[in-house]
$ cat protein17.txt   # compact mmCIF, N, CA and C atoms
# COMPACT_ATOMS: atom_id res chain seq x y z
N MET A 800 8.58 28.96 -1.07
CA MET A 800 8.40 27.55 -0.91
C MET A 800 7.25 27.13 -1.83
N ILE A 801 7.36 25.93 -2.37
CA ILE A 801 6.36 25.42 -3.31
C ILE A 801 5.73 24.17 -2.73
N LEU A 802 4.41 24.08 -2.82
CA LEU A 802 3.65 22.91 -2.41
C LEU A 802 3.05 22.29 -3.65
N LEU A 803 3.45 21.06 -3.95
CA LEU A 803 2.90 20.32 -5.08
C LEU A 803 1.85 19.36 -4.55
N VAL A 804 0.62 19.51 -5.00
CA VAL A 804 -0.50 18.72 -4.49
C VAL A 804 -1.03 17.85 -5.62
N CYS A 805 -1.40 16.62 -5.26
CA CYS A 805 -1.96 15.69 -6.23
C CYS A 805 -3.33 16.16 -6.68
N ASN A 806 -3.47 16.39 -7.96
CA ASN A 806 -4.73 16.86 -8.52
C ASN A 806 -5.68 15.70 -8.83
N ASN A 807 -5.16 14.48 -8.93
CA ASN A 807 -6.00 13.32 -9.24
C ASN A 807 -6.88 12.94 -8.06
N CYS A 808 -6.42 13.21 -6.86
CA CYS A 808 -7.21 12.89 -5.66
C CYS A 808 -8.06 14.12 -5.34
N LYS A 809 -9.35 14.03 -5.61
CA LYS A 809 -10.23 15.20 -5.54
C LYS A 809 -10.26 15.84 -4.16
N GLY A 810 -10.20 15.07 -3.11
CA GLY A 810 -10.25 15.62 -1.77
C GLY A 810 -9.05 16.49 -1.44
N MET A 811 -7.92 16.24 -2.09
CA MET A 811 -6.71 17.03 -1.82
C MET A 811 -6.93 18.50 -2.18
N THR A 812 -7.50 18.74 -3.35
CA THR A 812 -7.68 20.13 -3.77
C THR A 812 -8.91 20.78 -3.14
N ASP A 813 -9.93 19.98 -2.80
CA ASP A 813 -11.15 20.54 -2.24
C ASP A 813 -11.05 20.82 -0.75
N LYS A 814 -10.41 19.94 0.01
CA LYS A 814 -10.42 20.06 1.46
C LYS A 814 -9.14 20.67 2.03
N LEU A 815 -7.99 20.31 1.47
CA LEU A 815 -6.72 20.78 2.05
C LEU A 815 -6.31 22.16 1.58
N LEU A 816 -6.51 22.46 0.30
CA LEU A 816 -5.98 23.70 -0.23
C LEU A 816 -6.59 24.97 0.37
N PRO A 817 -7.90 25.04 0.62
CA PRO A 817 -8.41 26.28 1.24
C PRO A 817 -7.77 26.59 2.60
N GLU A 818 -7.56 25.56 3.41
CA GLU A 818 -6.95 25.77 4.72
C GLU A 818 -5.50 26.22 4.59
N VAL A 819 -4.78 25.63 3.64
CA VAL A 819 -3.39 26.01 3.42
C VAL A 819 -3.31 27.44 2.90
N TYR A 820 -4.20 27.82 1.97
CA TYR A 820 -4.21 29.19 1.45
C TYR A 820 -4.46 30.20 2.56
N LEU A 821 -5.37 29.89 3.46
CA LEU A 821 -5.69 30.85 4.52
C LEU A 821 -4.53 31.06 5.47
N ARG A 822 -3.79 30.02 5.78
CA ARG A 822 -2.72 30.14 6.77
C ARG A 822 -1.39 30.59 6.20
N PHE A 823 -1.06 30.15 4.99
CA PHE A 823 0.29 30.38 4.47
C PHE A 823 0.30 31.07 3.11
N SER A 824 -0.63 31.96 2.85
CA SER A 824 -0.74 32.55 1.51
C SER A 824 0.48 33.40 1.14
N ASP A 825 1.14 33.99 2.11
CA ASP A 825 2.28 34.84 1.79
C ASP A 825 3.61 34.08 1.72
N LYS A 826 3.66 32.85 2.20
CA LYS A 826 4.93 32.12 2.27
C LYS A 826 5.02 30.94 1.31
N ILE A 827 3.91 30.57 0.69
CA ILE A 827 3.91 29.33 -0.07
C ILE A 827 3.16 29.52 -1.39
N ARG A 828 3.67 28.87 -2.43
CA ARG A 828 2.97 28.80 -3.71
C ARG A 828 2.49 27.38 -3.90
N VAL A 829 1.24 27.24 -4.30
CA VAL A 829 0.63 25.92 -4.43
C VAL A 829 0.42 25.62 -5.91
N MET A 830 0.83 24.41 -6.30
CA MET A 830 0.62 23.94 -7.67
C MET A 830 -0.08 22.59 -7.60
N ALA A 831 -1.27 22.50 -8.18
CA ALA A 831 -1.98 21.23 -8.25
C ALA A 831 -1.64 20.59 -9.59
N ILE A 832 -0.95 19.46 -9.55
CA ILE A 832 -0.55 18.76 -10.76
C ILE A 832 -1.04 17.32 -10.69
N GLY A 833 -0.93 16.58 -11.78
CA GLY A 833 -1.38 15.20 -11.83
C GLY A 833 -0.95 14.41 -10.62
N CYS A 834 -0.01 13.56 -10.72
CA CYS A 834 0.58 12.89 -9.56
C CYS A 834 1.98 13.46 -9.40
N PRO A 835 2.26 14.14 -8.29
CA PRO A 835 3.57 14.76 -8.13
C PRO A 835 4.73 13.76 -8.15
N TYR A 836 4.45 12.52 -7.78
CA TYR A 836 5.52 11.53 -7.78
C TYR A 836 5.87 11.07 -9.18
N GLN A 837 4.99 11.27 -10.15
CA GLN A 837 5.27 10.84 -11.50
C GLN A 837 6.11 11.84 -12.28
N MET A 838 6.25 13.04 -11.76
CA MET A 838 7.06 14.03 -12.47
C MET A 838 8.54 13.70 -12.35
N ASP A 839 9.32 14.26 -13.23
CA ASP A 839 10.75 13.99 -13.28
C ASP A 839 11.44 14.52 -12.03
N SER A 840 12.37 13.75 -11.50
CA SER A 840 13.09 14.14 -10.29
C SER A 840 13.91 15.41 -10.50
N PHE A 841 14.41 15.60 -11.70
CA PHE A 841 15.23 16.78 -11.96
C PHE A 841 14.39 18.06 -12.00
N LEU A 842 13.08 17.93 -12.17
CA LEU A 842 12.22 19.10 -12.10
C LEU A 842 12.19 19.65 -10.67
N VAL A 843 12.22 18.78 -9.68
CA VAL A 843 12.28 19.22 -8.27
C VAL A 843 13.58 19.96 -8.03
N ILE A 844 14.68 19.46 -8.57
CA ILE A 844 15.98 20.13 -8.41
C ILE A 844 15.96 21.48 -9.10
N ARG A 845 15.34 21.54 -10.25
CA ARG A 845 15.25 22.81 -10.97
C ARG A 845 14.40 23.82 -10.19
N LEU A 846 13.31 23.35 -9.57
CA LEU A 846 12.50 24.24 -8.74
C LEU A 846 13.30 24.78 -7.56
N LEU A 847 14.08 23.91 -6.93
CA LEU A 847 14.90 24.35 -5.80
C LEU A 847 15.99 25.32 -6.24
N LYS A 848 16.53 25.10 -7.39
CA LYS A 848 17.65 25.92 -7.86
C LYS A 848 17.20 27.30 -8.32
N GLN A 849 16.04 27.36 -8.98
CA GLN A 849 15.67 28.60 -9.62
C GLN A 849 14.64 29.45 -8.89
N CYS A 850 13.71 28.83 -8.16
CA CYS A 850 12.62 29.67 -7.68
C CYS A 850 12.14 29.39 -6.26
N SER A 851 12.76 28.51 -5.51
CA SER A 851 12.23 28.27 -4.16
C SER A 851 13.32 27.78 -3.22
N ASP A 852 13.03 27.90 -1.94
CA ASP A 852 13.93 27.40 -0.91
C ASP A 852 13.57 26.00 -0.45
N GLY A 853 12.34 25.57 -0.74
CA GLY A 853 11.91 24.25 -0.33
C GLY A 853 10.72 23.79 -1.16
N VAL A 854 10.57 22.47 -1.26
CA VAL A 854 9.47 21.87 -2.01
C VAL A 854 8.82 20.83 -1.12
N ILE A 855 7.50 20.88 -1.06
CA ILE A 855 6.72 19.87 -0.36
C ILE A 855 5.83 19.17 -1.38
N ILE A 856 5.92 17.85 -1.40
CA ILE A 856 5.07 17.06 -2.29
C ILE A 856 4.03 16.38 -1.43
N ALA A 857 2.75 16.73 -1.65
CA ALA A 857 1.65 16.17 -0.86
C ALA A 857 0.82 15.27 -1.75
N CYS A 858 0.84 13.99 -1.43
CA CYS A 858 0.09 13.00 -2.19
C CYS A 858 -0.23 11.84 -1.27
N PRO A 859 -1.48 11.37 -1.27
CA PRO A 859 -1.78 10.22 -0.42
C PRO A 859 -1.19 8.95 -1.02
N GLN A 860 -0.25 8.39 -0.33
CA GLN A 860 0.50 7.25 -0.87
C GLN A 860 -0.37 6.01 -1.03
N ASP A 861 -1.27 5.76 -0.10
CA ASP A 861 -2.05 4.53 -0.14
C ASP A 861 -3.14 4.55 -1.19
N VAL A 862 -3.77 5.70 -1.40
CA VAL A 862 -4.86 5.77 -2.36
C VAL A 862 -4.47 6.54 -3.61
N CYS A 863 -3.20 6.61 -3.87
CA CYS A 863 -2.70 7.36 -5.01
C CYS A 863 -3.10 6.68 -6.31
N CYS A 864 -3.03 7.45 -7.36
CA CYS A 864 -3.41 6.93 -8.67
C CYS A 864 -2.35 5.99 -9.23
N CYS A 865 -1.19 5.92 -8.60
CA CYS A 865 -0.10 5.14 -9.18
C CYS A 865 0.60 4.24 -8.15
N PRO A 866 -0.09 3.55 -7.24
CA PRO A 866 0.65 2.78 -6.23
C PRO A 866 1.30 1.52 -6.79
N ILE A 867 0.85 1.01 -7.93
CA ILE A 867 1.41 -0.24 -8.42
C ILE A 867 2.56 -0.02 -9.40
N ASN A 868 2.81 1.21 -9.79
CA ASN A 868 3.88 1.50 -10.72
C ASN A 868 5.22 1.45 -9.97
N LYS A 869 6.05 0.46 -10.26
CA LYS A 869 7.29 0.26 -9.50
C LYS A 869 8.29 1.38 -9.70
N SER A 870 8.34 1.97 -10.87
CA SER A 870 9.29 3.06 -11.08
C SER A 870 8.91 4.29 -10.25
N VAL A 871 7.62 4.52 -10.08
CA VAL A 871 7.18 5.65 -9.25
C VAL A 871 7.52 5.40 -7.78
N ILE A 872 7.36 4.17 -7.33
CA ILE A 872 7.70 3.83 -5.95
C ILE A 872 9.19 4.01 -5.71
N LYS A 873 10.03 3.63 -6.68
CA LYS A 873 11.48 3.83 -6.56
C LYS A 873 11.82 5.31 -6.53
N ARG A 874 11.14 6.07 -7.38
CA ARG A 874 11.41 7.51 -7.44
C ARG A 874 11.10 8.18 -6.12
N ARG A 875 10.06 7.71 -5.42
CA ARG A 875 9.72 8.26 -4.10
C ARG A 875 10.89 8.11 -3.14
N GLU A 876 11.60 6.99 -3.21
CA GLU A 876 12.69 6.73 -2.28
C GLU A 876 13.99 7.42 -2.69
N VAL A 877 14.23 7.56 -3.97
CA VAL A 877 15.53 8.03 -4.46
C VAL A 877 15.60 9.55 -4.55
N ILE A 878 14.48 10.21 -4.68
CA ILE A 878 14.50 11.64 -4.97
C ILE A 878 15.21 12.45 -3.86
N LYS A 879 15.04 12.06 -2.59
CA LYS A 879 15.71 12.78 -1.51
C LYS A 879 17.20 12.45 -1.44
N ASP A 880 17.58 11.27 -1.90
CA ASP A 880 18.98 10.86 -1.82
C ASP A 880 19.87 11.59 -2.82
N ILE A 881 19.29 12.11 -3.91
CA ILE A 881 20.12 12.77 -4.91
C ILE A 881 20.29 14.27 -4.65
N LEU A 882 19.56 14.83 -3.69
CA LEU A 882 19.66 16.27 -3.43
C LEU A 882 21.06 16.72 -3.00
N PRO A 883 21.77 16.01 -2.10
CA PRO A 883 23.11 16.48 -1.72
C PRO A 883 24.11 16.50 -2.89
N VAL A 884 23.87 15.70 -3.90
CA VAL A 884 24.75 15.72 -5.07
C VAL A 884 24.70 17.07 -5.76
N PHE A 885 23.55 17.73 -5.70
CA PHE A 885 23.37 19.02 -6.35
C PHE A 885 23.53 20.20 -5.39
N GLY A 886 23.96 19.93 -4.17
CA GLY A 886 24.24 20.99 -3.22
C GLY A 886 23.07 21.41 -2.36
N PHE A 887 22.05 20.60 -2.27
CA PHE A 887 20.89 20.91 -1.45
C PHE A 887 20.85 20.01 -0.23
N HIS A 888 20.17 20.48 0.79
CA HIS A 888 19.99 19.70 2.01
C HIS A 888 18.76 18.82 1.84
N LYS A 889 18.79 17.64 2.45
CA LYS A 889 17.65 16.72 2.33
C LYS A 889 16.38 17.29 2.92
N GLU A 890 16.51 18.24 3.85
CA GLU A 890 15.33 18.83 4.48
C GLU A 890 14.62 19.83 3.59
N GLN A 891 15.21 20.17 2.44
CA GLN A 891 14.57 21.10 1.53
C GLN A 891 13.49 20.44 0.69
N LEU A 892 13.36 19.15 0.80
CA LEU A 892 12.29 18.42 0.12
C LEU A 892 11.57 17.57 1.14
N VAL A 893 10.26 17.76 1.23
CA VAL A 893 9.43 16.98 2.15
C VAL A 893 8.43 16.19 1.33
N LEU A 894 8.41 14.88 1.55
CA LEU A 894 7.43 14.01 0.91
C LEU A 894 6.34 13.75 1.94
N ALA A 895 5.22 14.44 1.79
CA ALA A 895 4.14 14.35 2.77
C ALA A 895 3.08 13.39 2.24
N ASN A 896 3.01 12.23 2.85
CA ASN A 896 1.99 11.25 2.49
C ASN A 896 0.77 11.51 3.35
N VAL A 897 -0.07 12.42 2.90
CA VAL A 897 -1.23 12.83 3.66
C VAL A 897 -2.50 12.51 2.90
N SER A 898 -3.53 12.15 3.65
CA SER A 898 -4.83 11.91 3.05
C SER A 898 -5.59 13.24 3.00
N PRO A 899 -6.66 13.31 2.22
CA PRO A 899 -7.43 14.56 2.16
C PRO A 899 -8.02 14.98 3.50
N LEU A 900 -8.20 14.04 4.42
CA LEU A 900 -8.77 14.37 5.72
C LEU A 900 -7.72 14.70 6.77
N ASP A 901 -6.46 14.67 6.39
CA ASP A 901 -5.36 14.85 7.34
C ASP A 901 -4.71 16.22 7.17
N GLY A 902 -5.51 17.27 7.28
CA GLY A 902 -5.01 18.62 7.13
C GLY A 902 -3.99 19.04 8.17
N PRO A 903 -4.21 18.74 9.45
CA PRO A 903 -3.22 19.15 10.46
C PRO A 903 -1.82 18.57 10.22
N LYS A 904 -1.74 17.37 9.67
CA LYS A 904 -0.43 16.77 9.40
C LYS A 904 0.30 17.56 8.31
N LEU A 905 -0.42 17.97 7.27
CA LEU A 905 0.19 18.76 6.21
C LEU A 905 0.60 20.13 6.73
N ILE A 906 -0.21 20.74 7.56
CA ILE A 906 0.13 22.05 8.12
C ILE A 906 1.36 21.95 9.00
N GLN A 907 1.48 20.87 9.75
CA GLN A 907 2.67 20.65 10.57
C GLN A 907 3.91 20.52 9.70
N LYS A 908 3.82 19.80 8.59
CA LYS A 908 4.97 19.66 7.68
C LYS A 908 5.35 21.00 7.08
N ILE A 909 4.36 21.82 6.72
CA ILE A 909 4.65 23.15 6.16
C ILE A 909 5.34 24.02 7.20
N GLU A 910 4.85 24.00 8.44
CA GLU A 910 5.48 24.80 9.49
C GLU A 910 6.91 24.35 9.78
N GLN A 911 7.16 23.04 9.73
CA GLN A 911 8.53 22.54 9.91
C GLN A 911 9.43 23.02 8.79
N MET A 912 8.92 23.03 7.56
CA MET A 912 9.72 23.52 6.43
C MET A 912 10.01 25.00 6.57
N ILE A 913 9.04 25.79 6.99
CA ILE A 913 9.25 27.23 7.17
C ILE A 913 10.29 27.48 8.26
N ASN A 914 10.22 26.74 9.36
CA ASN A 914 11.21 26.88 10.42
C ASN A 914 12.60 26.50 9.94
N PHE A 915 12.72 25.43 9.15
CA PHE A 915 14.01 25.03 8.63
C PHE A 915 14.59 26.09 7.70
N ILE A 916 13.76 26.65 6.84
CA ILE A 916 14.23 27.68 5.90
C ILE A 916 14.69 28.93 6.66
N ASN A 917 13.90 29.35 7.65
CA ASN A 917 14.30 30.52 8.45
C ASN A 917 15.60 30.26 9.20
N LEU A 918 15.75 29.08 9.77
CA LEU A 918 16.96 28.73 10.50
C LEU A 918 18.17 28.68 9.58
N SER A 919 18.01 28.10 8.41
CA SER A 919 19.14 28.00 7.48
C SER A 919 19.54 29.37 6.94
N LYS A 920 18.58 30.28 6.75
CA LYS A 920 18.91 31.64 6.31
C LYS A 920 19.69 32.37 7.39
N ASN A 921 19.27 32.20 8.66
CA ASN A 921 19.98 32.85 9.76
C ASN A 921 21.40 32.33 9.89
N GLN A 922 21.58 31.02 9.74
CA GLN A 922 22.92 30.45 9.83
C GLN A 922 23.79 30.91 8.67
N ALA A 923 23.21 31.05 7.49
CA ALA A 923 23.97 31.52 6.33
C ALA A 923 24.42 32.96 6.53
N GLU A 924 23.56 33.80 7.12
CA GLU A 924 23.94 35.19 7.37
C GLU A 924 25.06 35.26 8.39
N GLU A 925 25.01 34.44 9.44
CA GLU A 925 26.07 34.45 10.45
C GLU A 925 27.38 33.98 9.86
N CYS A 926 27.35 32.94 9.04
CA CYS A 926 28.58 32.43 8.42
C CYS A 926 29.17 33.46 7.47
N SER A 927 28.33 34.13 6.69
CA SER A 927 28.86 35.11 5.75
C SER A 927 29.44 36.31 6.49
N PHE A 928 28.92 36.64 7.66
CA PHE A 928 29.45 37.76 8.43
C PHE A 928 30.86 37.45 8.92
N PHE A 929 31.08 36.28 9.44
CA PHE A 929 32.39 35.98 10.00
C PHE A 929 33.40 35.56 8.95
N LYS A 930 32.96 35.05 7.83
CA LYS A 930 33.91 34.63 6.80
C LYS A 930 34.27 35.75 5.84
N SER A 931 33.57 36.88 5.93
CA SER A 931 33.82 37.94 4.96
C SER A 931 35.15 38.65 5.19
N GLY A 932 35.71 38.55 6.38
CA GLY A 932 36.97 39.21 6.65
C GLY A 932 36.81 40.62 7.17
N ARG A 933 35.58 41.13 7.12
CA ARG A 933 35.32 42.48 7.63
C ARG A 933 35.08 42.41 9.13
N GLU A 934 35.62 43.36 9.84
CA GLU A 934 35.39 43.42 11.27
C GLU A 934 34.65 44.71 11.59
N THR A 935 33.58 44.59 12.32
CA THR A 935 32.86 45.79 12.72
C THR A 935 33.52 46.35 13.98
N ALA A 936 33.08 47.55 14.35
CA ALA A 936 33.66 48.20 15.52
C ALA A 936 33.38 47.39 16.78
N SER A 937 32.16 46.82 16.87
CA SER A 937 31.84 46.05 18.07
C SER A 937 32.65 44.77 18.12
N TYR A 938 32.94 44.19 16.99
CA TYR A 938 33.73 42.97 16.96
C TYR A 938 35.18 43.28 17.39
N LYS A 939 35.72 44.40 16.94
CA LYS A 939 37.06 44.80 17.36
C LYS A 939 37.09 45.11 18.86
N TRP A 940 36.02 45.74 19.33
CA TRP A 940 35.96 46.12 20.73
C TRP A 940 35.96 44.87 21.62
N LEU A 941 35.25 43.82 21.20
CA LEU A 941 35.22 42.60 21.99
C LEU A 941 36.56 41.88 22.02
N ASN A 942 37.32 42.00 20.98
CA ASN A 942 38.62 41.31 20.92
C ASN A 942 39.69 42.24 21.43

$ encode --input "protein17.txt" --output "structure tokens"
Amino acid sequence: MILLVCNNCKGMTDKLLPEVYLRFSDKIRVMAIGCPYQMDSFLVIRLLKQCSDGVIIACPQDVCCCPINKSVIKRREVIKDILPVFGFHKEQLVLANVSPLDGPKLIQKIEQMINFINLSKNQAEECSFFKSGRETASYKWLN
């Protein structure tokens, strides 16, 4: 899982990142970039396709460096709507509008994403078991 954090808001990297590193260092990769909402929407799809199961974008919406840019505001709304077109679930992208002082809210979003990823992996394993056409001895015994 990848966490994209706004690097322009100084409190985001100073206050939130140490707590996130301590709790989720083995499950999450953190990238501090300019404003995550200003990056191309297809870059998020590329991240999901090639190197991660989920992406969290953490940026304070109200005090962001780009609140008046209308194209950025539109991109915030549209980016989740285009994920099903590429075969991804909308829950694989979380837009976390958190302030630098709101660490527990970001940690809650990360835990929800981890739970969703674990649940979707378990469901995928169950579906592949029954759709594969192979029957184990216990499955034959039950039928």

$ closest_residue --input "protein17.txt" --among "A:Leu882, A:Asn921, A:Ala895, A:Gly902" --to "A:Arg845" --atoms "only C-alpha atoms"
A:Leu882

$ atom_distance --input "protein17.txt" --atom1 "atom N of A:Ser851" --atom2 "atom CA of A:Met800"
6.4 Å

$ atom_distance --input "protein17.txt" --atom1 "atom CA of A:Ile916" --atom2 "atom N of A:Ile844"
16.6 Å

$ residues_around --input "protein17.txt" --residues "stretch 883-892 of chain A" --least-positions-apart "2" --cutoff "6.5 Å" --atoms "all atoms listed in the file" --output "ChimeraX atom specification"
/A:852-856,879-881,894

$ select_by_dssp --input "protein17.txt" --residues "stretch 802-925 of chain A" --states "strand (DSSP E or B)" --output "list in words"
Leu802, Leu803, Val804, Cys805, Arg828, Val829, Met830, Ala831, Ile832, Val854, Ile855, Ile856, Ala857, Leu892, Val893, Leu894 and Ala895 of chain A

$ atom_distance --input "protein17.txt" --atom1 "atom CA of A:Leu821" --atom2 "atom CA of A:Gln837"
27.9 Å

$ select_by_dssp --input "protein17.txt" --residues "stretch 805-929 of chain A" --states "helix (DSSP H, G or I)" --output "ChimeraX atom specification"
/A:809-823,835-837,840-849,869-877,882-885,889-891,902-929

$ residues_around --input "protein17.txt" --residues "A:Pro899" --least-positions-apart "6" --cutoff "6.5 Å" --atoms "only N, CA and C atoms" --output "count of residues only"
5

$ axis_aligned_box --input "protein17.txt" --around "stretch 823-833 of chain A" --padding-each-side "8 Å" --output "lines of an AutoDock Vina configuration file"
center_x = 1.5
center_y = 24.6
center_z = -3.4
size_x = 23.0
size_y = 36.4
size_z = 32.8

$ closest_residue --input "protein17.txt" --among "A:Ile878, A:Leu803, A:Ala857, A:Met912" --to "A:Val829" --atoms "only N, CA and C atoms"
A:Leu803

$ closest_residue --input "protein17.txt" --among "A:Cys858, A:Ser840, A:Ile909, A:Val897" --to "A:Val877" --atoms "only C-alpha atoms"
A:Ser840
